[in-house]
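> Supplied in structure tokens, the structure appears directly below.
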Amino acid sequence: MSITDNLQENKYVAFLDVLGFKELVRGKGGKLNLYFETIRRALIDIKNDKAEIESQLVSDSTILACGLTKENLKLLLRAVQTIQARCAVENIWIRGAITIGDIHFDRKLNIVVGNGLTDAYLLEEEERFPRVIIDPKILR
């Protein structure tokens, strides 16, 4: 089975990016460790409370996805809120986007791929301030 065989189902996809991550890495200090620990704990709590949400942390990006139900969208919004709030308390600012599209997580190969991820990334990239936007196609 190829990776593309798994890109048939649309999901809600959130892409979250840390602002100022280069400075965190260059600083090699406690704030970088604090970021990873904050995200790690948030993802563990999200997985325990909201098992429907798949997640992957890649450097300064957190990727979340879940099936297309109204209840799952609520869970995803709460998960994003959890990550944003915990990071904000530590003065770590998040920018991101939520959209709909295909996405596949391959845990064995450590791959996350799909149009949903690409679309969320491109939406996030358009923003300038720490916030998470919702793609208008979700509201339709």
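Identifiers in the structure tokens: chain A, B, ... in order shown; residue index from 1 per chain; ligand index from 1 in order shown.
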Could you produce a table of the residues of range 70-107 of chain A lying within 8 Å of range 30-46 of chain A, with the nearest pair of atoms per residue and their separation in Å rounded to one decimal, using only C-alpha atoms, ordered by chain and increasing residue number, as a tab-separated table?


```
residue	atom	partner	partner_atom	distance
A:Ala79	CA	A:Ile46	CA	6.2
A:Thr82	CA	A:Ala42	CA	6.9
A:Ile83	CA	A:Ala42	CA	6.1
A:Arg86	CA	A:Thr38	CA	6.7
A:Cys87	CA	A:Thr38	CA	6.7
A:Glu90	CA	A:Leu34	CA	7.9
A:Ile92	CA	A:Tyr35	CA	7.2
```

> Write a file of the selected residues as a PDB file, in the first residue's frame, keeping all heavy atoms.


```pdb
ATOM      1  N   ALA A  79      -8.517  21.638  21.641  1.00  0.00           N
ATOM      2  CA  ALA A  79      -7.116  21.210  21.657  1.00  0.00           C
ATOM      3  C   ALA A  79      -6.198  22.364  21.255  1.00  0.00           C
ATOM      4  O   ALA A  79      -5.164  22.603  21.893  1.00  0.00           O
ATOM      5  CB  ALA A  79      -6.926  20.014  20.720  1.00  0.00           C
ATOM      6  N   THR A  82      -6.007  24.781  24.057  1.00  0.00           N
ATOM      7  CA  THR A  82      -5.134  24.271  25.120  1.00  0.00           C
ATOM      8  C   THR A  82      -3.671  24.569  24.809  1.00  0.00           C
ATOM      9  O   THR A  82      -2.936  25.083  25.653  1.00  0.00           O
ATOM     10  CB  THR A  82      -5.334  22.747  25.288  1.00  0.00           C
ATOM     11  OG1 THR A  82      -6.672  22.508  25.721  1.00  0.00           O
ATOM     12  CG2 THR A  82      -4.350  22.153  26.276  1.00  0.00           C
ATOM     13  N   ILE A  83      -3.266  24.273  23.588  1.00  0.00           N
ATOM     14  CA  ILE A  83      -1.874  24.515  23.196  1.00  0.00           C
ATOM     15  C   ILE A  83      -1.562  26.007  23.224  1.00  0.00           C
ATOM     16  O   ILE A  83      -0.538  26.425  23.784  1.00  0.00           O
ATOM     17  CB  ILE A  83      -1.593  23.906  21.814  1.00  0.00           C
ATOM     18  CG1 ILE A  83      -1.635  22.378  21.909  1.00  0.00           C
ATOM     19  CG2 ILE A  83      -0.251  24.385  21.265  1.00  0.00           C
ATOM     20  CD1 ILE A  83      -1.619  21.664  20.575  1.00  0.00           C
ATOM     21  N   ARG A  86      -1.446  27.336  26.971  1.00  0.00           N
ATOM     22  CA  ARG A  86      -0.272  26.880  27.731  1.00  0.00           C
ATOM     23  C   ARG A  86       1.006  27.546  27.233  1.00  0.00           C
ATOM     24  O   ARG A  86       1.887  27.866  28.024  1.00  0.00           O
ATOM     25  CB  ARG A  86      -0.162  25.361  27.667  1.00  0.00           C
ATOM     26  CG  ARG A  86      -1.255  24.674  28.456  1.00  0.00           C
ATOM     27  CD  ARG A  86      -1.061  23.202  28.476  1.00  0.00           C
ATOM     28  NE  ARG A  86      -2.172  22.542  29.138  1.00  0.00           N
ATOM     29  CZ  ARG A  86      -2.210  21.250  29.391  1.00  0.00           C
ATOM     30  NH1 ARG A  86      -1.194  20.481  29.031  1.00  0.00           N
ATOM     31  NH2 ARG A  86      -3.251  20.713  29.977  1.00  0.00           N
ATOM     32  N   CYS A  87       1.118  27.722  25.941  1.00  0.00           N
ATOM     33  CA  CYS A  87       2.303  28.405  25.406  1.00  0.00           C
ATOM     34  C   CYS A  87       2.291  29.882  25.774  1.00  0.00           C
ATOM     35  O   CYS A  87       3.331  30.435  26.153  1.00  0.00           O
ATOM     36  CB  CYS A  87       2.378  28.218  23.893  1.00  0.00           C
ATOM     37  SG  CYS A  87       2.903  26.561  23.404  1.00  0.00           S
ATOM     38  N   GLU A  90       3.640  30.814  29.025  1.00  0.00           N
ATOM     39  CA  GLU A  90       5.108  30.749  29.065  1.00  0.00           C
ATOM     40  C   GLU A  90       5.766  31.789  28.149  1.00  0.00           C
ATOM     41  O   GLU A  90       6.954  31.727  27.884  1.00  0.00           O
ATOM     42  CB  GLU A  90       5.580  29.340  28.672  1.00  0.00           C
ATOM     43  CG  GLU A  90       5.025  28.228  29.528  1.00  0.00           C
ATOM     44  CD  GLU A  90       5.430  28.324  30.997  1.00  0.00           C
ATOM     45  OE1 GLU A  90       6.374  29.086  31.327  1.00  0.00           O
ATOM     46  OE2 GLU A  90       4.817  27.629  31.820  1.00  0.00           O
ATOM     47  N   ILE A  92       5.330  32.108  24.947  1.00  0.00           N
ATOM     48  CA  ILE A  92       5.642  31.470  23.671  1.00  0.00           C
ATOM     49  C   ILE A  92       4.389  31.645  22.824  1.00  0.00           C
ATOM     50  O   ILE A  92       3.302  31.225  23.223  1.00  0.00           O
ATOM     51  CB  ILE A  92       5.979  29.974  23.849  1.00  0.00           C
ATOM     52  CG1 ILE A  92       7.214  29.833  24.746  1.00  0.00           C
ATOM     53  CG2 ILE A  92       6.184  29.299  22.501  1.00  0.00           C
ATOM     54  CD1 ILE A  92       7.480  28.412  25.214  1.00  0.00           C
TER      55      ILE A  92
END
```

> As a ChimeraX atom specification, please: the residues near range 101-107 of chain A (cut-off 6 Å, only C-alpha atoms, same-chain neighbours under 6 positions excluded).

/A:7,9-11,113-116

> Give me a file of those residues, with N, CA and C atoms, as a compact mmCIF listing (two decimals), in the first residue's frame.


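The resulting out-v7.txt:
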```
# COMPACT_ATOMS: atom_id res chain seq x y z
N LEU A 7 -4.68 8.90 1.28
CA LEU A 7 -5.06 10.31 1.17
C LEU A 7 -6.41 10.46 0.49
N GLU A 9 -9.49 10.42 2.47
CA GLU A 9 -10.47 10.94 3.41
C GLU A 9 -10.10 12.34 3.90
N ASN A 10 -11.05 13.27 3.78
CA ASN A 10 -10.85 14.61 4.31
C ASN A 10 -11.02 14.62 5.82
N LYS A 11 -10.26 15.48 6.46
CA LYS A 11 -10.33 15.66 7.91
C LYS A 11 -10.18 17.15 8.21
N VAL A 113 1.63 13.81 5.75
CA VAL A 113 1.53 14.36 4.41
C VAL A 113 0.06 14.53 4.04
N GLY A 114 -0.21 15.50 3.18
CA GLY A 114 -1.56 15.66 2.66
C GLY A 114 -1.86 17.09 2.27
N ASN A 115 -2.86 17.24 1.41
CA ASN A 115 -3.27 18.58 0.98
C ASN A 115 -3.79 19.40 2.15
N GLY A 116 -4.43 18.76 3.11
CA GLY A 116 -4.92 19.49 4.28
C GLY A 116 -3.79 20.15 5.05
```

> Using DSSP assignments from the backbone, pull out every residue in chain A that falls under helix (DSSP H, G or I) and give it to me as an MDAnalysis selection string.

chainID A and resid 3:6 21:27 30:49 70:89 115:126 136:139

> CA of Glu126 in chain A and CA of Val112 in chain A are how many Å apart?

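A separation of 21.5 Å between them.
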
> Would you mind listing what lies within 9 Å of Thr99 in chain A as a PyMOL selection string, with only C-alpha atoms counted and same-chain residues fewer than 4 positions away left out?

chain A and resi 11-15+116-117+119-120+123+133-138

> Write the residues of the preceding selection, restricted to N, CA, C and O atoms, as a PDB file, in the first residue's frame.


```
ATOM      1  N   LYS A  11     -10.263  15.481   6.462  1.00  0.00           N
ATOM      2  CA  LYS A  11     -10.326  15.662   7.907  1.00  0.00           C
ATOM      3  C   LYS A  11     -10.180  17.145   8.215  1.00  0.00           C
ATOM      4  O   LYS A  11      -9.784  17.931   7.365  1.00  0.00           O
ATOM      5  N   TYR A  12     -10.491  17.504   9.455  1.00  0.00           N
ATOM      6  CA  TYR A  12     -10.118  18.820   9.943  1.00  0.00           C
ATOM      7  C   TYR A  12      -8.624  18.752  10.246  1.00  0.00           C
ATOM      8  O   TYR A  12      -8.156  17.794  10.870  1.00  0.00           O
ATOM      9  N   VAL A  13      -7.890  19.770   9.810  1.00  0.00           N
ATOM     10  CA  VAL A  13      -6.440  19.790   9.998  1.00  0.00           C
ATOM     11  C   VAL A  13      -6.048  21.138  10.594  1.00  0.00           C
ATOM     12  O   VAL A  13      -6.433  22.190  10.075  1.00  0.00           O
ATOM     13  N   ALA A  14      -5.271  21.090  11.669  1.00  0.00           N
ATOM     14  CA  ALA A  14      -4.728  22.306  12.278  1.00  0.00           C
ATOM     15  C   ALA A  14      -3.211  22.276  12.159  1.00  0.00           C
ATOM     16  O   ALA A  14      -2.577  21.249  12.426  1.00  0.00           O
ATOM     17  N   PHE A  15      -2.663  23.395  11.743  1.00  0.00           N
ATOM     18  CA  PHE A  15      -1.211  23.567  11.681  1.00  0.00           C
ATOM     19  C   PHE A  15      -0.868  24.740  12.583  1.00  0.00           C
ATOM     20  O   PHE A  15      -1.366  25.850  12.385  1.00  0.00           O
ATOM     21  N   GLY A 116      -4.426  18.764   3.111  1.00  0.00           N
ATOM     22  CA  GLY A 116      -4.924  19.490   4.281  1.00  0.00           C
ATOM     23  C   GLY A 116      -3.794  20.154   5.047  1.00  0.00           C
ATOM     24  O   GLY A 116      -3.901  21.304   5.475  1.00  0.00           O
ATOM     25  N   LEU A 117      -2.682  19.444   5.193  1.00  0.00           N
ATOM     26  CA  LEU A 117      -1.515  20.005   5.870  1.00  0.00           C
ATOM     27  C   LEU A 117      -0.937  21.165   5.060  1.00  0.00           C
ATOM     28  O   LEU A 117      -0.643  22.230   5.604  1.00  0.00           O
ATOM     29  N   ASP A 119      -2.480  23.076   2.842  1.00  0.00           N
ATOM     30  CA  ASP A 119      -3.404  24.212   2.862  1.00  0.00           C
ATOM     31  C   ASP A 119      -3.354  24.960   4.191  1.00  0.00           C
ATOM     32  O   ASP A 119      -3.353  26.193   4.218  1.00  0.00           O
ATOM     33  N   ALA A 120      -3.317  24.216   5.300  1.00  0.00           N
ATOM     34  CA  ALA A 120      -3.251  24.862   6.616  1.00  0.00           C
ATOM     35  C   ALA A 120      -1.939  25.631   6.767  1.00  0.00           C
ATOM     36  O   ALA A 120      -1.917  26.750   7.286  1.00  0.00           O
ATOM     37  N   LEU A 123      -2.194  28.876   4.746  1.00  0.00           N
ATOM     38  CA  LEU A 123      -3.047  29.854   5.440  1.00  0.00           C
ATOM     39  C   LEU A 123      -2.304  30.483   6.614  1.00  0.00           C
ATOM     40  O   LEU A 123      -2.356  31.698   6.817  1.00  0.00           O
ATOM     41  N   ILE A 133      -6.313  31.013  12.684  1.00  0.00           N
ATOM     42  CA  ILE A 133      -7.460  31.362  11.850  1.00  0.00           C
ATOM     43  C   ILE A 133      -8.163  30.095  11.386  1.00  0.00           C
ATOM     44  O   ILE A 133      -7.578  29.020  11.335  1.00  0.00           O
ATOM     45  N   ILE A 134      -9.433  30.261  11.050  1.00  0.00           N
ATOM     46  CA  ILE A 134     -10.243  29.147  10.548  1.00  0.00           C
ATOM     47  C   ILE A 134     -10.538  29.415   9.078  1.00  0.00           C
ATOM     48  O   ILE A 134     -11.028  30.482   8.731  1.00  0.00           O
ATOM     49  N   ASP A 135     -10.227  28.436   8.264  1.00  0.00           N
ATOM     50  CA  ASP A 135     -10.483  28.523   6.834  1.00  0.00           C
ATOM     51  C   ASP A 135     -11.987  28.750   6.607  1.00  0.00           C
ATOM     52  O   ASP A 135     -12.803  28.027   7.179  1.00  0.00           O
ATOM     53  N   PRO A 136     -12.364  29.745   5.797  1.00  0.00           N
ATOM     54  CA  PRO A 136     -13.791  30.001   5.558  1.00  0.00           C
ATOM     55  C   PRO A 136     -14.556  28.793   5.014  1.00  0.00           C
ATOM     56  O   PRO A 136     -15.754  28.680   5.246  1.00  0.00           O
ATOM     57  N   LYS A 137     -13.855  27.857   4.352  1.00  0.00           N
ATOM     58  CA  LYS A 137     -14.585  26.685   3.830  1.00  0.00           C
ATOM     59  C   LYS A 137     -15.123  25.800   4.955  1.00  0.00           C
ATOM     60  O   LYS A 137     -16.062  25.057   4.748  1.00  0.00           O
ATOM     61  N   ILE A 138     -14.571  25.906   6.171  1.00  0.00           N
ATOM     62  CA  ILE A 138     -15.131  25.167   7.306  1.00  0.00           C
ATOM     63  C   ILE A 138     -16.484  25.743   7.689  1.00  0.00           C
ATOM     64  O   ILE A 138     -17.387  25.019   8.098  1.00  0.00           O
TER      65      ILE A 138
END
```

> Could you pull out the strand (DSSP E) residues of range 4-105 of chain A, going by DSSP on the backbone, and write them as a ChimeraX atom specification?

/A:10-18,54-58,61-66,94-102,104-105

> Check the smallest atom-to-atom distance from each of A:Ala85, A:Val80, A:Cys66, A:Ile111 to Val132 in chain A using only C-alpha atoms, then report the winner.

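Result for the nearest residue to Val132 in chain A: A:Val80.
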
> Could you work out how far CA of Ile94 in chain A lies from CA of Val25 in chain A, giving the answer in Å with one decimal?

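We find that CA of Val25 in chain A and CA of Ile94 in chain A lie 15.7 Å from each other.
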
> Work out how far CA of Arg131 in chain A is from CA of Leu16 in chain A, in Å to one decimal.

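Spanning CA of Leu16 in chain A to CA of Arg131 in chain A is a straight-line distance of 9.3 Å.
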
> Point out the residue among A:Arg26, A:Arg78, A:Lys70, A:Arg128 with the least atom-to-atom distance to Trp93 in chain A, counting only C-alpha atoms.

A:Arg128
